[in-house]
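> Dropping in input.cif, with mmCIF, N, CA and C atoms and all ligand atoms.
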data_query
loop_
_atom_site.label_atom_id
_atom_site.label_comp_id
_atom_site.auth_asym_id
_atom_site.auth_seq_id
_atom_site.Cartn_x
_atom_site.Cartn_y
_atom_site.Cartn_z
N MET A 1 65.38 144.36 121.13
CA MET A 1 64.07 143.74 120.87
C MET A 1 63.13 143.98 122.06
N ASP A 2 61.98 144.51 121.78
CA ASP A 2 61.00 144.79 122.80
C ASP A 2 60.45 143.48 123.38
N HIS A 3 60.61 143.30 124.67
CA HIS A 3 60.18 142.04 125.30
C HIS A 3 58.69 141.80 125.18
N ALA A 4 57.93 142.89 125.18
CA ALA A 4 56.48 142.74 125.05
C ALA A 4 56.13 142.12 123.70
N ILE A 5 56.87 142.52 122.67
CA ILE A 5 56.63 141.97 121.34
C ILE A 5 57.03 140.49 121.31
N CYS A 6 58.16 140.18 121.93
CA CYS A 6 58.61 138.78 122.01
C CYS A 6 57.55 137.93 122.71
N ARG A 7 57.06 138.45 123.83
CA ARG A 7 56.05 137.69 124.58
C ARG A 7 54.81 137.44 123.73
N LYS A 8 54.42 138.47 123.02
CA LYS A 8 53.23 138.36 122.18
C LYS A 8 53.42 137.28 121.10
N LYS A 9 54.61 137.31 120.49
CA LYS A 9 54.90 136.32 119.45
C LYS A 9 54.93 134.91 120.00
N ILE A 10 55.49 134.79 121.19
CA ILE A 10 55.57 133.46 121.82
C ILE A 10 54.17 132.94 122.14
N LEU A 11 53.35 133.82 122.74
CA LEU A 11 51.98 133.41 123.09
C LEU A 11 51.19 133.03 121.85
N GLN A 12 51.43 133.79 120.78
CA GLN A 12 50.72 133.53 119.53
C GLN A 12 51.10 132.16 118.98
N GLU A 13 52.40 131.86 119.02
CA GLU A 13 52.85 130.56 118.50
C GLU A 13 52.31 129.41 119.36
N ILE A 14 52.26 129.64 120.68
CA ILE A 14 51.70 128.61 121.56
C ILE A 14 50.25 128.34 121.19
N ASP A 15 49.50 129.41 120.96
CA ASP A 15 48.11 129.28 120.55
C ASP A 15 47.97 128.46 119.27
N GLU A 16 48.82 128.78 118.30
CA GLU A 16 48.76 128.09 117.01
C GLU A 16 49.07 126.61 117.17
N LEU A 17 50.10 126.32 117.96
CA LEU A 17 50.48 124.92 118.18
C LEU A 17 49.37 124.15 118.88
N ARG A 18 48.75 124.80 119.87
CA ARG A 18 47.66 124.13 120.59
C ARG A 18 46.51 123.84 119.65
N ALA A 19 46.22 124.80 118.77
CA ALA A 19 45.11 124.61 117.83
C ALA A 19 45.42 123.45 116.88
N LEU A 20 46.66 123.39 116.39
CA LEU A 20 47.07 122.30 115.51
C LEU A 20 46.97 120.96 116.22
N SER A 21 47.38 120.96 117.48
CA SER A 21 47.33 119.75 118.29
C SER A 21 45.90 119.25 118.42
N ASP A 22 45.02 120.16 118.76
CA ASP A 22 43.61 119.79 118.92
C ASP A 22 43.03 119.29 117.61
N GLY A 23 43.40 119.96 116.54
CA GLY A 23 42.84 119.62 115.24
C GLY A 23 43.31 118.28 114.71
N SER A 24 44.43 117.77 115.22
CA SER A 24 44.97 116.54 114.66
C SER A 24 44.83 115.36 115.62
N ARG A 25 44.08 115.56 116.68
CA ARG A 25 43.95 114.50 117.69
C ARG A 25 43.42 113.21 117.07
N GLU A 26 42.44 113.34 116.23
CA GLU A 26 41.83 112.17 115.60
C GLU A 26 42.85 111.38 114.78
N GLY A 27 43.70 112.10 114.06
CA GLY A 27 44.68 111.45 113.20
C GLY A 27 45.72 110.68 113.99
N ARG A 28 45.89 111.05 115.25
CA ARG A 28 46.92 110.37 116.05
C ARG A 28 46.38 109.16 116.79
N ALA A 29 45.08 108.97 116.77
CA ALA A 29 44.50 107.83 117.45
C ALA A 29 45.01 106.54 116.81
N PRO A 30 45.22 105.50 117.61
CA PRO A 30 45.73 104.24 117.04
C PRO A 30 44.81 103.73 115.94
N VAL A 31 45.40 103.18 114.91
CA VAL A 31 44.61 102.66 113.80
C VAL A 31 43.99 101.33 114.21
N GLU A 32 42.71 101.20 113.97
CA GLU A 32 42.02 99.94 114.28
C GLU A 32 42.54 98.86 113.34
N LEU A 33 43.01 97.77 113.91
CA LEU A 33 43.59 96.72 113.07
C LEU A 33 42.56 95.70 112.62
N ASP A 34 41.41 95.69 113.27
CA ASP A 34 40.45 94.62 112.97
C ASP A 34 39.30 95.07 112.09
N GLN A 35 39.44 96.29 111.55
CA GLN A 35 38.31 96.73 110.71
C GLN A 35 38.40 96.06 109.34
N GLN A 36 37.44 95.24 109.06
CA GLN A 36 37.44 94.44 107.84
C GLN A 36 37.09 95.27 106.60
N SER A 37 36.45 96.37 106.85
CA SER A 37 35.99 97.15 105.71
C SER A 37 37.15 97.81 104.96
N VAL A 38 38.27 97.98 105.65
CA VAL A 38 39.40 98.66 105.01
C VAL A 38 40.38 97.63 104.47
N GLY A 39 40.82 97.82 103.27
CA GLY A 39 41.77 96.90 102.66
C GLY A 39 43.13 96.99 103.31
N ARG A 40 44.01 96.03 103.01
CA ARG A 40 45.30 95.97 103.66
C ARG A 40 46.14 97.20 103.34
N LEU A 41 46.12 97.61 102.07
CA LEU A 41 46.93 98.74 101.67
C LEU A 41 46.50 100.03 102.33
N SER A 42 45.20 100.27 102.35
CA SER A 42 44.74 101.51 102.94
C SER A 42 44.94 101.49 104.44
N ARG A 43 44.97 100.28 105.01
CA ARG A 43 45.25 100.19 106.44
C ARG A 43 46.71 100.58 106.71
N MET A 44 47.60 100.10 105.85
CA MET A 44 49.00 100.47 105.99
C MET A 44 49.18 101.97 105.79
N ASP A 45 48.43 102.47 104.86
CA ASP A 45 48.41 103.90 104.60
C ASP A 45 48.01 104.67 105.85
N ALA A 46 46.93 104.18 106.44
CA ALA A 46 46.39 104.84 107.63
C ALA A 46 47.41 104.79 108.77
N MET A 47 48.12 103.67 108.88
CA MET A 47 49.10 103.53 109.95
C MET A 47 50.29 104.46 109.72
N LEU A 48 50.69 104.56 108.47
CA LEU A 48 51.80 105.45 108.13
C LEU A 48 51.41 106.89 108.44
N GLN A 49 50.21 107.23 108.01
CA GLN A 49 49.68 108.58 108.26
C GLN A 49 49.65 108.86 109.75
N GLN A 50 49.20 107.87 110.51
CA GLN A 50 49.08 108.04 111.95
C GLN A 50 50.45 108.26 112.58
N SER A 51 51.46 107.49 112.13
CA SER A 51 52.77 107.64 112.75
C SER A 51 53.38 109.00 112.40
N MET A 52 53.04 109.52 111.22
CA MET A 52 53.53 110.87 110.86
C MET A 52 52.85 111.92 111.73
N ASP A 53 51.55 111.72 111.97
CA ASP A 53 50.83 112.65 112.84
C ASP A 53 51.41 112.65 114.24
N VAL A 54 51.77 111.46 114.70
CA VAL A 54 52.35 111.35 116.04
C VAL A 54 53.71 112.06 116.08
N ALA A 55 54.51 111.88 115.03
CA ALA A 55 55.82 112.53 114.98
C ALA A 55 55.67 114.04 114.96
N ARG A 56 54.68 114.52 114.20
CA ARG A 56 54.44 115.96 114.15
C ARG A 56 54.04 116.48 115.52
N GLU A 57 53.21 115.73 116.20
CA GLU A 57 52.76 116.12 117.54
C GLU A 57 53.95 116.18 118.50
N GLU A 58 54.83 115.22 118.35
CA GLU A 58 56.04 115.18 119.17
C GLU A 58 56.84 116.47 119.00
N ARG A 59 57.00 116.87 117.73
CA ARG A 59 57.75 118.10 117.44
C ARG A 59 57.04 119.32 118.03
N ARG A 60 55.71 119.32 117.91
CA ARG A 60 54.95 120.45 118.47
C ARG A 60 55.14 120.51 119.98
N ARG A 61 55.12 119.33 120.63
CA ARG A 61 55.25 119.30 122.08
C ARG A 61 56.63 119.83 122.50
N HIS A 62 57.64 119.47 121.72
CA HIS A 62 58.98 119.94 122.02
C HIS A 62 59.05 121.46 121.88
N ARG A 63 58.47 121.95 120.79
CA ARG A 63 58.47 123.40 120.55
C ARG A 63 57.70 124.14 121.66
N LEU A 64 56.60 123.56 122.10
CA LEU A 64 55.81 124.17 123.18
C LEU A 64 56.65 124.28 124.44
N ALA A 65 57.43 123.26 124.73
CA ALA A 65 58.29 123.29 125.92
C ALA A 65 59.30 124.42 125.80
N VAL A 66 59.87 124.57 124.60
CA VAL A 66 60.86 125.63 124.35
C VAL A 66 60.21 127.00 124.52
N LEU A 67 59.00 127.14 123.99
CA LEU A 67 58.28 128.42 124.08
C LEU A 67 57.93 128.74 125.53
N ASN A 68 57.47 127.73 126.26
CA ASN A 68 57.12 127.95 127.66
C ASN A 68 58.34 128.32 128.49
N ALA A 69 59.47 127.73 128.16
CA ALA A 69 60.71 128.07 128.86
C ALA A 69 61.07 129.53 128.60
N ALA A 70 60.85 129.99 127.36
CA ALA A 70 61.13 131.38 127.02
C ALA A 70 60.20 132.32 127.80
N LEU A 71 58.94 131.92 127.94
CA LEU A 71 57.99 132.73 128.72
C LEU A 71 58.45 132.84 130.17
N ARG A 72 58.95 131.74 130.70
CA ARG A 72 59.44 131.73 132.07
C ARG A 72 60.61 132.70 132.21
N ARG A 73 61.50 132.67 131.21
CA ARG A 73 62.65 133.60 131.27
C ARG A 73 62.18 135.05 131.21
N LEU A 74 61.13 135.29 130.43
CA LEU A 74 60.57 136.64 130.37
C LEU A 74 60.03 137.05 131.74
N ASP A 75 59.32 136.12 132.38
CA ASP A 75 58.73 136.41 133.70
C ASP A 75 59.82 136.68 134.73
N GLU A 76 60.92 135.99 134.59
CA GLU A 76 61.97 136.10 135.60
C GLU A 76 63.05 137.11 135.21
N ASP A 77 62.76 137.87 134.16
CA ASP A 77 63.71 138.90 133.72
C ASP A 77 65.06 138.34 133.33
N GLU A 78 65.04 137.12 132.82
CA GLU A 78 66.29 136.52 132.37
C GLU A 78 66.26 136.31 130.86
N TYR A 79 65.35 137.00 130.24
CA TYR A 79 65.13 136.81 128.81
C TYR A 79 66.18 137.58 128.00
N GLY A 80 66.60 136.96 126.89
CA GLY A 80 67.49 137.66 125.97
C GLY A 80 68.96 137.39 126.21
N TYR A 81 69.25 136.53 127.18
CA TYR A 81 70.64 136.18 127.43
C TYR A 81 70.90 134.74 126.99
N CYS A 82 72.10 134.54 126.47
CA CYS A 82 72.51 133.21 126.05
C CYS A 82 72.57 132.28 127.27
N LEU A 83 71.95 131.09 127.14
CA LEU A 83 71.92 130.18 128.27
C LEU A 83 73.29 129.53 128.51
N ALA A 84 74.15 129.57 127.51
CA ALA A 84 75.46 128.94 127.66
C ALA A 84 76.50 129.91 128.20
N CYS A 85 76.57 131.13 127.64
CA CYS A 85 77.64 132.06 128.03
C CYS A 85 77.13 133.30 128.75
N GLY A 86 75.82 133.52 128.73
CA GLY A 86 75.27 134.65 129.45
C GLY A 86 75.31 135.98 128.71
N GLU A 87 75.89 135.97 127.50
CA GLU A 87 75.94 137.20 126.70
C GLU A 87 74.55 137.52 126.16
N ASP A 88 74.38 138.79 125.79
CA ASP A 88 73.11 139.19 125.16
C ASP A 88 72.92 138.44 123.84
N ILE A 89 71.71 138.02 123.58
CA ILE A 89 71.39 137.45 122.27
C ILE A 89 70.98 138.61 121.38
N LEU A 90 71.50 138.64 120.17
CA LEU A 90 71.21 139.74 119.25
C LEU A 90 69.71 139.88 119.03
N PRO A 91 69.22 141.13 119.07
CA PRO A 91 67.79 141.37 118.86
C PRO A 91 67.27 140.78 117.55
N GLU A 92 68.12 140.84 116.51
CA GLU A 92 67.69 140.30 115.21
C GLU A 92 67.40 138.81 115.34
N ARG A 93 68.21 138.17 116.15
CA ARG A 93 68.07 136.74 116.37
C ARG A 93 66.76 136.43 117.10
N LEU A 94 66.46 137.23 118.11
CA LEU A 94 65.21 137.06 118.85
C LEU A 94 64.01 137.40 117.98
N GLY A 95 64.26 138.28 117.01
CA GLY A 95 63.19 138.65 116.10
C GLY A 95 62.79 137.48 115.20
N ILE A 96 63.78 136.68 114.84
CA ILE A 96 63.52 135.52 113.99
C ILE A 96 62.88 134.40 114.81
N ASP A 97 63.47 134.13 115.98
CA ASP A 97 62.89 133.12 116.86
C ASP A 97 62.93 133.64 118.30
N PRO A 98 61.79 134.09 118.80
CA PRO A 98 61.77 134.70 120.14
C PRO A 98 62.09 133.70 121.25
N ALA A 99 62.11 132.41 120.93
CA ALA A 99 62.38 131.41 121.97
C ALA A 99 63.81 130.89 121.91
N VAL A 100 64.63 131.52 121.08
CA VAL A 100 66.01 131.05 120.92
C VAL A 100 66.76 131.14 122.25
N THR A 101 67.63 130.16 122.53
CA THR A 101 68.27 130.13 123.85
C THR A 101 69.77 130.42 123.81
N LEU A 102 70.35 130.42 122.61
CA LEU A 102 71.79 130.60 122.53
C LEU A 102 72.17 131.75 121.62
N CYS A 103 73.30 132.38 121.90
CA CYS A 103 73.83 133.39 121.01
C CYS A 103 74.45 132.69 119.78
N VAL A 104 74.75 133.44 118.78
CA VAL A 104 75.25 132.84 117.53
C VAL A 104 76.53 132.03 117.78
N THR A 105 77.41 132.60 118.59
CA THR A 105 78.69 131.93 118.85
C THR A 105 78.47 130.55 119.48
N CYS A 106 77.64 130.50 120.49
CA CYS A 106 77.41 129.22 121.17
C CYS A 106 76.64 128.25 120.28
N GLN A 107 75.72 128.79 119.51
CA GLN A 107 74.96 127.94 118.59
C GLN A 107 75.91 127.25 117.61
N ASN A 108 76.85 128.03 117.08
CA ASN A 108 77.78 127.48 116.09
C ASN A 108 78.78 126.51 116.69
N ARG A 109 78.92 126.59 118.00
CA ARG A 109 79.86 125.70 118.68
C ARG A 109 79.28 124.31 118.84
N ARG A 110 77.97 124.19 118.70
CA ARG A 110 77.32 122.89 118.93
C ARG A 110 77.62 121.93 117.80
ZN ZN A 201 76.56 132.26 124.06
#
When written as structure tokens, how does the structure in this file appear?
Ligand SMILES: [Zn+2]


Amino acid sequence: MDHAICRKKILQEIDELRALSDGSREGRAPVELDQQSVGRLSRMDAMLQQSMDVAREERRRHRLAVLNAALRRLDEDEYGYCLACGEDILPERLGIDPAVTLCVTCQNRR
């Protein structure tokens, strides 16, 4: 797997995640509890929606950390090796997820 392609894919995904994060900031803001104009049900709806937005953001933040760690490995020429056993990670595997950290064997051991 060409590392330049991996880097490009990683940077692209980081961009997408950041854009999603920015676009959903409003949805993650705490729901106003004292707004009288909104009925009880729609308020509960809004709170449920908000907690889902927060959960999604959490997942995005986790993924961003994983992607940034992969970028660091690229910079330090440690990219493409299993973090558990040090073996090469199959190119096909990196092609599916360029930020993957384990080889198939170690992944299956988890
Ligand atoms: Zn391994």

> Please identify every residue of chain A that has at least one atom no farther than 8 Å from an atom of ligand ZN 201 (chain A), counting only C-alpha atoms and all ligand atoms, and for each give the shortest atom pair and the distance in Å to one decimal, arranged by chain then increasing number, as a Markdown table.


| residue | atom | partner | partner_atom | distance |
| --- | --- | --- | --- | --- |
| A:Tyr81 | CA | A:ZN201 | ZN | 7.9 |
| A:Cys82 | CA | A:ZN201 | ZN | 4.6 |
| A:Leu83 | CA | A:ZN201 | ZN | 6.6 |
| A:Ala84 | CA | A:ZN201 | ZN | 5.0 |
| A:Cys85 | CA | A:ZN201 | ZN | 4.1 |
| A:Gly86 | CA | A:ZN201 | ZN | 6.0 |
| A:Glu87 | CA | A:ZN201 | ZN | 5.6 |
| A:Asp88 | CA | A:ZN201 | ZN | 7.8 |
| A:Ile89 | CA | A:ZN201 | ZN | 7.5 |
| A:Leu102 | CA | A:ZN201 | ZN | 5.3 |
| A:Cys103 | CA | A:ZN201 | ZN | 4.2 |
| A:Val104 | CA | A:ZN201 | ZN | 6.7 |
| A:Thr105 | CA | A:ZN201 | ZN | 5.6 |
| A:Cys106 | CA | A:ZN201 | ZN | 4.3 |
| A:Gln107 | CA | A:ZN201 | ZN | 7.2 |

> With N, CA and C atoms retained, could you export that selection as a compact mmCIF listing (two decimals), in the coordinates of the input?


# COMPACT_ATOMS: atom_id res chain seq x y z
N TYR A 81 69.25 136.53 127.18
CA TYR A 81 70.64 136.18 127.43
C TYR A 81 70.90 134.74 126.99
N CYS A 82 72.10 134.54 126.47
CA CYS A 82 72.51 133.21 126.05
C CYS A 82 72.57 132.28 127.27
N LEU A 83 71.95 131.09 127.14
CA LEU A 83 71.92 130.18 128.27
C LEU A 83 73.29 129.53 128.51
N ALA A 84 74.15 129.57 127.51
CA ALA A 84 75.46 128.94 127.66
C ALA A 84 76.50 129.91 128.20
N CYS A 85 76.57 131.13 127.64
CA CYS A 85 77.64 132.06 128.03
C CYS A 85 77.13 133.30 128.75
N GLY A 86 75.82 133.52 128.73
CA GLY A 86 75.27 134.65 129.45
C GLY A 86 75.31 135.98 128.71
N GLU A 87 75.89 135.97 127.50
CA GLU A 87 75.94 137.20 126.70
C GLU A 87 74.55 137.52 126.16
N ASP A 88 74.38 138.79 125.79
CA ASP A 88 73.11 139.19 125.16
C ASP A 88 72.92 138.44 123.84
N ILE A 89 71.71 138.02 123.58
CA ILE A 89 71.39 137.45 122.27
C ILE A 89 70.98 138.61 121.38
N LEU A 102 70.35 130.42 122.61
CA LEU A 102 71.79 130.60 122.53
C LEU A 102 72.17 131.75 121.62
N CYS A 103 73.30 132.38 121.90
CA CYS A 103 73.83 133.39 121.01
C CYS A 103 74.45 132.69 119.78
N VAL A 104 74.75 133.44 118.78
CA VAL A 104 75.25 132.84 117.53
C VAL A 104 76.53 132.03 117.78
N THR A 105 77.41 132.60 118.59
CA THR A 105 78.69 131.93 118.85
C THR A 105 78.47 130.55 119.48
N CYS A 106 77.64 130.50 120.49
CA CYS A 106 77.41 129.22 121.17
C CYS A 106 76.64 128.25 120.28
N GLN A 107 75.72 128.79 119.51
CA GLN A 107 74.96 127.94 118.59
C GLN A 107 75.91 127.25 117.61

> Between atom N of Asp75 (chain A) and atom N of Arg61 (chain A), what is the distance in Å, rounded to a tenth?

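Distance reported for this atom pair: 20.9 Å.
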
> When you draw a straight line from atom N of Val31 (chain A) to atom C of Leu64 (chain A), how long is it in Å?

25.7 Å

> Have a look at CA of Leu48 (chain A) and atom N of Asn68 (chain A) and let me know their distance in Å, one decimal.

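Separation of CA of Leu48 (chain A) and atom N of Asn68 (chain A): 29.3 Å.
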
> Report, as JSON, the axis-aligned box around all atoms of region 100-105 of chain A present in the file, extended by 5 Å on each side; give centre and edge lengths in Å to one decimal place.


{"center_x": 71.7, "center_y": 131.8, "center_z": 120.7, "size_x": 24.1, "size_y": 13.3, "size_z": 16.3}

> Let me make sure I understand: among A:Leu67, A:Ile96, A:Leu41, A:Met52, which one has the smallest atom-to-atom distance to Ile14 (chain A) if we use all atoms listed in the file?

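Checking each of A:Leu67, A:Ile96, A:Leu41, A:Met52 against Ile14 (chain A), counting all atoms listed in the file, the winner is A:Leu67.
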
> Could you give me, as a VMD selection string, the residues that sit within 12 Å of (49.2, 114.5, 121.1) in the file's coordinates, counting only C-alpha atoms?

chain A and resid 17 to 30 50 to 62 64

> So which bits of chain A end up alpha helix (DSSP H) when you DSSP the backbone, as a ChimeraX atom specification?

/A:3-23,25-28,40-75,91-96,104-109
